[in-house]
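A quick write-up on the structure given underneath.
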Amino acid sequence: MKMIFAVIRDNDNEAVSQALVNKGFRVTRVASTGGFLRRGSTTLMVGVSNEKVDDAIQVIKDSTSPPDESGIKRATLFVLNVEHYTQI
Amino acid sequence: MKMIFAVIRDNDNEAVSQALVNKGFRVTRVASTGGFLRRGSTTLMVGVSNEKVDDAIQVIKDSTSPPDESGIKRATLFVLNVEHYTQI
Amino acid sequence: MKMIFAVIRDNDNEAVSQALVNKGFRVTRVASTGGFLRRGSTTLMVGVSNEKVDDAIQVIKDSTSPPDESGIKRATLFVLNVEHYTQI
């Protein structure tokens with residue numbers, strides 16, 4: 001299992017979260033702030049099985065909107081390995 | 001060392017944090033939101049030595065309350081490896 | 001690539017974030033709370049290439065202020081491995 005930390009723009013929060021949930025991904029959202037431009041952002045934590053990582057990234061790609069300004073990215077994604085996963 | 005990301009219900013935040021601290025665990029709390037039901041949740045980040053992971057999970061189990069509704073889990077836990085840990 | 005989770009005191013948030021950004025590091029900030037003393041803290045997520053981890057830690061060291069009280073640390077740092085990193 002992997003955990004994707006996806007830092008997205010606030011504007012895209014609803015669309016991306018909804019798209020991920022619609023595809024069966026579990027999403028936890030955290031309000032965050034960029035360090036440089038101090039824009040509001042949202043950090044999504046998405047727990048996914050190894051074989052679904054590419055799918056989840058594609059969903060995020062497809063559900064983010066093009067930034068108004070050049071030089072701004074839609075999303076920054078970090079994929080980390082999860083050693084153990086459990087629900088209580 | 002491991003880092004446990006524990007997504008718990010807001011209701012359980014105080015009890016779980018207190019129980020972990022009482023057992024000597026260091027806890028950092030972040031307000032979060034579930035992606036699907038959009039309930040408020042709390043994400044705890046707990047840094048633990050390898051041999052204490054099971055203890056920490058047990059503390060979380062013991063200090064969460066049963067959800068009112070069926071199908072809701074008490075907690076979702078992700079255990080990630082920490083390559084380097086330091087305090088300044 | 002690594003991700004550094006740095007839990008710092010709120011007081012140091014601006015100085016540390018600015019120092020990291022000035023050195024070219026990408027920082028995402030999340031408001032957090034200590035589990036024990038329940039002080040406000042900030043958790044910085046810093047994505048860094050493997051060879052820059054020590055630099056980033058040094059920047060954090062240099063930009064935090066000494067705590068007023070003894071027994072309080074300036075920062076707690078967890079370095080986790082990132083398996084895959086991408087920007088969209």
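Numbering starts fresh at 1 for the residues of each chain in the structure tokens, the chains themselves are lettered A, B, ... in the order given, and ligands are numbered from 1 as they appear.
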(request) Would you please give, as a list in words, all residues of chain A that DSSP assigns to alpha helix (DSSP H) based on the backbone? (result)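 Assigned to alpha helix (DSSP H), within chain A: Asn13, Glu14, Ala15, Val16, Ser17, Gln18, Ala19, Leu20, Val21, Asn22, Val53, Asp54, Asp55, Ala56, Ile57, Gln58, Val59, Ile60, Lys61, Asp62 and Ser63 of chain A.
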Can you write just those residues out, N, CA and C atoms, as a PDB file, in the first residue's frame?
```
ATOM      1  N   ASN A  13     -10.091  21.599  -4.818  1.00  0.00           N
ATOM      2  CA  ASN A  13     -10.322  20.690  -3.699  1.00  0.00           C
ATOM      3  C   ASN A  13     -11.570  19.827  -3.898  1.00  0.00           C
ATOM      4  N   GLU A  14     -12.689  20.477  -4.139  1.00  0.00           N
ATOM      5  CA  GLU A  14     -13.948  19.727  -4.250  1.00  0.00           C
ATOM      6  C   GLU A  14     -13.919  18.748  -5.417  1.00  0.00           C
ATOM      7  N   ALA A  15     -13.483  19.246  -6.563  1.00  0.00           N
ATOM      8  CA  ALA A  15     -13.507  18.414  -7.767  1.00  0.00           C
ATOM      9  C   ALA A  15     -12.589  17.201  -7.629  1.00  0.00           C
ATOM     10  N   VAL A  16     -11.416  17.429  -7.098  1.00  0.00           N
ATOM     11  CA  VAL A  16     -10.457  16.325  -6.986  1.00  0.00           C
ATOM     12  C   VAL A  16     -10.921  15.316  -5.932  1.00  0.00           C
ATOM     13  N   SER A  17     -11.360  15.827  -4.790  1.00  0.00           N
ATOM     14  CA  SER A  17     -11.818  14.910  -3.734  1.00  0.00           C
ATOM     15  C   SER A  17     -12.984  14.074  -4.232  1.00  0.00           C
ATOM     16  N   GLN A  18     -13.927  14.739  -4.892  1.00  0.00           N
ATOM     17  CA  GLN A  18     -15.106  14.027  -5.377  1.00  0.00           C
ATOM     18  C   GLN A  18     -14.718  12.988  -6.425  1.00  0.00           C
ATOM     19  N   ALA A  19     -13.829  13.361  -7.313  1.00  0.00           N
ATOM     20  CA  ALA A  19     -13.414  12.428  -8.372  1.00  0.00           C
ATOM     21  C   ALA A  19     -12.725  11.205  -7.767  1.00  0.00           C
ATOM     22  N   LEU A  20     -11.898  11.442  -6.769  1.00  0.00           N
ATOM     23  CA  LEU A  20     -11.201  10.311  -6.132  1.00  0.00           C
ATOM     24  C   LEU A  20     -12.191   9.399  -5.414  1.00  0.00           C
ATOM     25  N   VAL A  21     -13.118  10.012  -4.674  1.00  0.00           N
ATOM     26  CA  VAL A  21     -14.102   9.222  -3.937  1.00  0.00           C
ATOM     27  C   VAL A  21     -14.983   8.433  -4.910  1.00  0.00           C
ATOM     28  N   ASN A  22     -15.346   9.074  -6.000  1.00  0.00           N
ATOM     29  CA  ASN A  22     -16.172   8.384  -7.010  1.00  0.00           C
ATOM     30  C   ASN A  22     -15.472   7.152  -7.584  1.00  0.00           C
ATOM     31  N   VAL A  53      -1.886   3.162  -7.786  1.00  0.00           N
ATOM     32  CA  VAL A  53      -1.218   4.465  -7.668  1.00  0.00           C
ATOM     33  C   VAL A  53      -1.366   5.273  -8.959  1.00  0.00           C
ATOM     34  N   ASP A  54      -1.101   4.626 -10.086  1.00  0.00           N
ATOM     35  CA  ASP A  54      -1.183   5.352 -11.369  1.00  0.00           C
ATOM     36  C   ASP A  54      -2.610   5.820 -11.637  1.00  0.00           C
ATOM     37  N   ASP A  55      -3.576   4.971 -11.301  1.00  0.00           N
ATOM     38  CA  ASP A  55      -4.982   5.368 -11.469  1.00  0.00           C
ATOM     39  C   ASP A  55      -5.298   6.620 -10.654  1.00  0.00           C
ATOM     40  N   ALA A  56      -4.860   6.614  -9.412  1.00  0.00           N
ATOM     41  CA  ALA A  56      -5.166   7.755  -8.543  1.00  0.00           C
ATOM     42  C   ALA A  56      -4.521   9.025  -9.088  1.00  0.00           C
ATOM     43  N   ILE A  57      -3.292   8.911  -9.551  1.00  0.00           N
ATOM     44  CA  ILE A  57      -2.601  10.084 -10.104  1.00  0.00           C
ATOM     45  C   ILE A  57      -3.333  10.582 -11.355  1.00  0.00           C
ATOM     46  N   GLN A  58      -3.813   9.656 -12.154  1.00  0.00           N
ATOM     47  CA  GLN A  58      -4.546  10.046 -13.359  1.00  0.00           C
ATOM     48  C   GLN A  58      -5.843  10.771 -12.988  1.00  0.00           C
ATOM     49  N   VAL A  59      -6.537  10.275 -11.976  1.00  0.00           N
ATOM     50  CA  VAL A  59      -7.766  10.937 -11.528  1.00  0.00           C
ATOM     51  C   VAL A  59      -7.461  12.371 -11.076  1.00  0.00           C
ATOM     52  N   ILE A  60      -6.369  12.530 -10.357  1.00  0.00           N
ATOM     53  CA  ILE A  60      -5.997  13.878  -9.904  1.00  0.00           C
ATOM     54  C   ILE A  60      -5.671  14.768 -11.111  1.00  0.00           C
ATOM     55  N   LYS A  61      -4.922  14.215 -12.045  1.00  0.00           N
ATOM     56  CA  LYS A  61      -4.614  14.980 -13.268  1.00  0.00           C
ATOM     57  C   LYS A  61      -5.893  15.432 -13.964  1.00  0.00           C
ATOM     58  N   ASP A  62      -6.816  14.496 -14.103  1.00  0.00           N
ATOM     59  CA  ASP A  62      -8.023  14.768 -14.890  1.00  0.00           C
ATOM     60  C   ASP A  62      -8.993  15.722 -14.186  1.00  0.00           C
ATOM     61  N   SER A  63      -8.894  15.833 -12.881  1.00  0.00           N
ATOM     62  CA  SER A  63      -9.897  16.616 -12.155  1.00  0.00           C
ATOM     63  C   SER A  63      -9.382  17.970 -11.679  1.00  0.00           C
TER      64      SER A  63
END
```
(message) Only residues of chain C matter here; which ones have an atom within 9 Å of chain B, counting only C-alpha atoms? Give them as a list of chain:residue names.
(response)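 Close to chain B, chain C has C:Val7, C:Val30, C:Ala31, C:Ser32, C:Thr33, C:Gly34, C:Gly35, C:Phe36, C:Arg38, C:Ser41, C:Thr43, C:Ile60, C:Lys61, C:Lys73, C:Arg74, C:Ala75, C:Thr76, C:Leu77, C:Phe78, C:Val79, C:Leu80, C:Asn81.
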Write the residues you've just listed into a file as a PDB file, in the first residue's frame, and include N, CA, C and O atoms for each of them.
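Saved result, again_18.pdb, follows:
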```pdb
ATOM      1  N   VAL C   7       8.033  19.534  12.720  1.00  0.00           N
ATOM      2  CA  VAL C   7       7.079  20.154  13.651  1.00  0.00           C
ATOM      3  C   VAL C   7       7.820  21.246  14.387  1.00  0.00           C
ATOM      4  O   VAL C   7       8.771  20.978  15.126  1.00  0.00           O
ATOM      5  N   VAL C  30       1.178  23.181   7.456  1.00  0.00           N
ATOM      6  CA  VAL C  30      -0.086  22.708   8.013  1.00  0.00           C
ATOM      7  C   VAL C  30      -0.132  23.127   9.480  1.00  0.00           C
ATOM      8  O   VAL C  30       0.847  22.943  10.210  1.00  0.00           O
ATOM      9  N   ALA C  31      -1.266  23.693   9.890  1.00  0.00           N
ATOM     10  CA  ALA C  31      -1.419  24.056  11.302  1.00  0.00           C
ATOM     11  C   ALA C  31      -1.599  22.780  12.118  1.00  0.00           C
ATOM     12  O   ALA C  31      -2.352  21.891  11.741  1.00  0.00           O
ATOM     13  N   SER C  32      -0.909  22.705  13.226  1.00  0.00           N
ATOM     14  CA  SER C  32      -1.000  21.493  14.045  1.00  0.00           C
ATOM     15  C   SER C  32      -0.999  21.877  15.516  1.00  0.00           C
ATOM     16  O   SER C  32      -0.892  23.043  15.882  1.00  0.00           O
ATOM     17  N   THR C  33      -1.167  20.885  16.354  1.00  0.00           N
ATOM     18  CA  THR C  33      -1.200  21.104  17.794  1.00  0.00           C
ATOM     19  C   THR C  33      -0.395  20.006  18.450  1.00  0.00           C
ATOM     20  O   THR C  33      -0.495  18.849  18.055  1.00  0.00           O
ATOM     21  N   GLY C  34       0.395  20.395  19.426  1.00  0.00           N
ATOM     22  CA  GLY C  34       1.108  19.374  20.177  1.00  0.00           C
ATOM     23  C   GLY C  34       0.123  18.561  20.993  1.00  0.00           C
ATOM     24  O   GLY C  34      -0.922  19.076  21.419  1.00  0.00           O
ATOM     25  N   GLY C  35       0.425  17.313  21.194  1.00  0.00           N
ATOM     26  CA  GLY C  35      -0.500  16.444  21.907  1.00  0.00           C
ATOM     27  C   GLY C  35      -0.484  16.653  23.402  1.00  0.00           C
ATOM     28  O   GLY C  35      -1.485  16.491  24.081  1.00  0.00           O
ATOM     29  N   PHE C  36       0.652  17.057  23.902  1.00  0.00           N
ATOM     30  CA  PHE C  36       0.809  17.126  25.347  1.00  0.00           C
ATOM     31  C   PHE C  36       0.488  18.526  25.865  1.00  0.00           C
ATOM     32  O   PHE C  36      -0.448  18.731  26.631  1.00  0.00           O
ATOM     33  N   ARG C  38      -0.459  20.984  24.055  1.00  0.00           N
ATOM     34  CA  ARG C  38      -1.500  21.587  23.219  1.00  0.00           C
ATOM     35  C   ARG C  38      -1.169  22.981  22.754  1.00  0.00           C
ATOM     36  O   ARG C  38      -2.039  23.823  22.608  1.00  0.00           O
ATOM     37  N   SER C  41       1.351  24.535  16.915  1.00  0.00           N
ATOM     38  CA  SER C  41       2.606  24.281  16.228  1.00  0.00           C
ATOM     39  C   SER C  41       2.323  24.323  14.738  1.00  0.00           C
ATOM     40  O   SER C  41       1.177  24.455  14.315  1.00  0.00           O
ATOM     41  N   THR C  43       3.340  22.236  11.193  1.00  0.00           N
ATOM     42  CA  THR C  43       4.049  21.115  10.596  1.00  0.00           C
ATOM     43  C   THR C  43       4.386  21.486   9.158  1.00  0.00           C
ATOM     44  O   THR C  43       3.496  21.791   8.365  1.00  0.00           O
ATOM     45  N   ILE C  60      16.690  24.763   8.935  1.00  0.00           N
ATOM     46  CA  ILE C  60      15.684  24.774  10.010  1.00  0.00           C
ATOM     47  C   ILE C  60      16.356  25.081  11.353  1.00  0.00           C
ATOM     48  O   ILE C  60      15.879  25.902  12.140  1.00  0.00           O
ATOM     49  N   LYS C  61      17.490  24.446  11.586  1.00  0.00           N
ATOM     50  CA  LYS C  61      18.245  24.714  12.830  1.00  0.00           C
ATOM     51  C   LYS C  61      18.575  26.188  12.953  1.00  0.00           C
ATOM     52  O   LYS C  61      18.405  26.812  14.003  1.00  0.00           O
ATOM     53  N   LYS C  73      11.768  21.736  22.810  1.00  0.00           N
ATOM     54  CA  LYS C  73      12.653  21.634  21.663  1.00  0.00           C
ATOM     55  C   LYS C  73      12.244  22.663  20.603  1.00  0.00           C
ATOM     56  O   LYS C  73      11.090  23.078  20.542  1.00  0.00           O
ATOM     57  N   ARG C  74      13.182  23.000  19.768  1.00  0.00           N
ATOM     58  CA  ARG C  74      12.883  23.930  18.676  1.00  0.00           C
ATOM     59  C   ARG C  74      12.080  23.259  17.577  1.00  0.00           C
ATOM     60  O   ARG C  74      11.221  23.865  16.952  1.00  0.00           O
ATOM     61  N   ALA C  75      12.436  22.036  17.313  1.00  0.00           N
ATOM     62  CA  ALA C  75      11.816  21.356  16.178  1.00  0.00           C
ATOM     63  C   ALA C  75      11.976  19.854  16.324  1.00  0.00           C
ATOM     64  O   ALA C  75      12.948  19.368  16.905  1.00  0.00           O
ATOM     65  N   THR C  76      11.004  19.134  15.810  1.00  0.00           N
ATOM     66  CA  THR C  76      11.087  17.680  15.726  1.00  0.00           C
ATOM     67  C   THR C  76      10.985  17.314  14.255  1.00  0.00           C
ATOM     68  O   THR C  76      10.043  17.729  13.578  1.00  0.00           O
ATOM     69  N   LEU C  77      11.958  16.573  13.782  1.00  0.00           N
ATOM     70  CA  LEU C  77      12.063  16.300  12.346  1.00  0.00           C
ATOM     71  C   LEU C  77      11.980  14.805  12.052  1.00  0.00           C
ATOM     72  O   LEU C  77      12.696  14.006  12.663  1.00  0.00           O
ATOM     73  N   PHE C  78      11.144  14.473  11.124  1.00  0.00           N
ATOM     74  CA  PHE C  78      11.031  13.107  10.628  1.00  0.00           C
ATOM     75  C   PHE C  78      11.354  13.130   9.134  1.00  0.00           C
ATOM     76  O   PHE C  78      10.710  13.872   8.375  1.00  0.00           O
ATOM     77  N   VAL C  79      12.291  12.322   8.722  1.00  0.00           N
ATOM     78  CA  VAL C  79      12.642  12.248   7.297  1.00  0.00           C
ATOM     79  C   VAL C  79      12.135  10.916   6.745  1.00  0.00           C
ATOM     80  O   VAL C  79      12.519   9.848   7.229  1.00  0.00           O
ATOM     81  N   LEU C  80      11.252  10.994   5.762  1.00  0.00           N
ATOM     82  CA  LEU C  80      10.667   9.792   5.166  1.00  0.00           C
ATOM     83  C   LEU C  80      11.078   9.689   3.707  1.00  0.00           C
ATOM     84  O   LEU C  80      11.283  10.703   3.031  1.00  0.00           O
ATOM     85  N   ASN C  81      11.204   8.453   3.234  1.00  0.00           N
ATOM     86  CA  ASN C  81      11.557   8.243   1.840  1.00  0.00           C
ATOM     87  C   ASN C  81      10.347   8.482   0.936  1.00  0.00           C
ATOM     88  O   ASN C  81       9.232   8.075   1.254  1.00  0.00           O
TER      89      ASN C  81
END
```
(message) Using Å and a single decimal, report how far CA of Ser65 (chain A) sits from CA of Thr42 (chain A).
(response)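 About the pair CA of Thr42 (chain A) and CA of Ser65 (chain A): they are 14.3 Å apart.
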(message) Using Å and a single decimal, report how far CA of Phe5 (chain C) sits from CA of Gly71 (chain A).
(response)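 Taking CA of Gly71 (chain A) as the start and CA of Phe5 (chain C) as the end point, the length is 25.4 Å.
The interatomic distance for the pair CA of Asp12 (chain B) and CA of Thr64 (chain B) works out to 5.6 Å.
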(message) Could you go through region 27-76 of chain C and tell me which residues DSSP, when run on the backbone, assigns to strand (DSSP E), listing them as a PyMOL selection string?
(response) chain C and resi 27-34+40-48+75-76
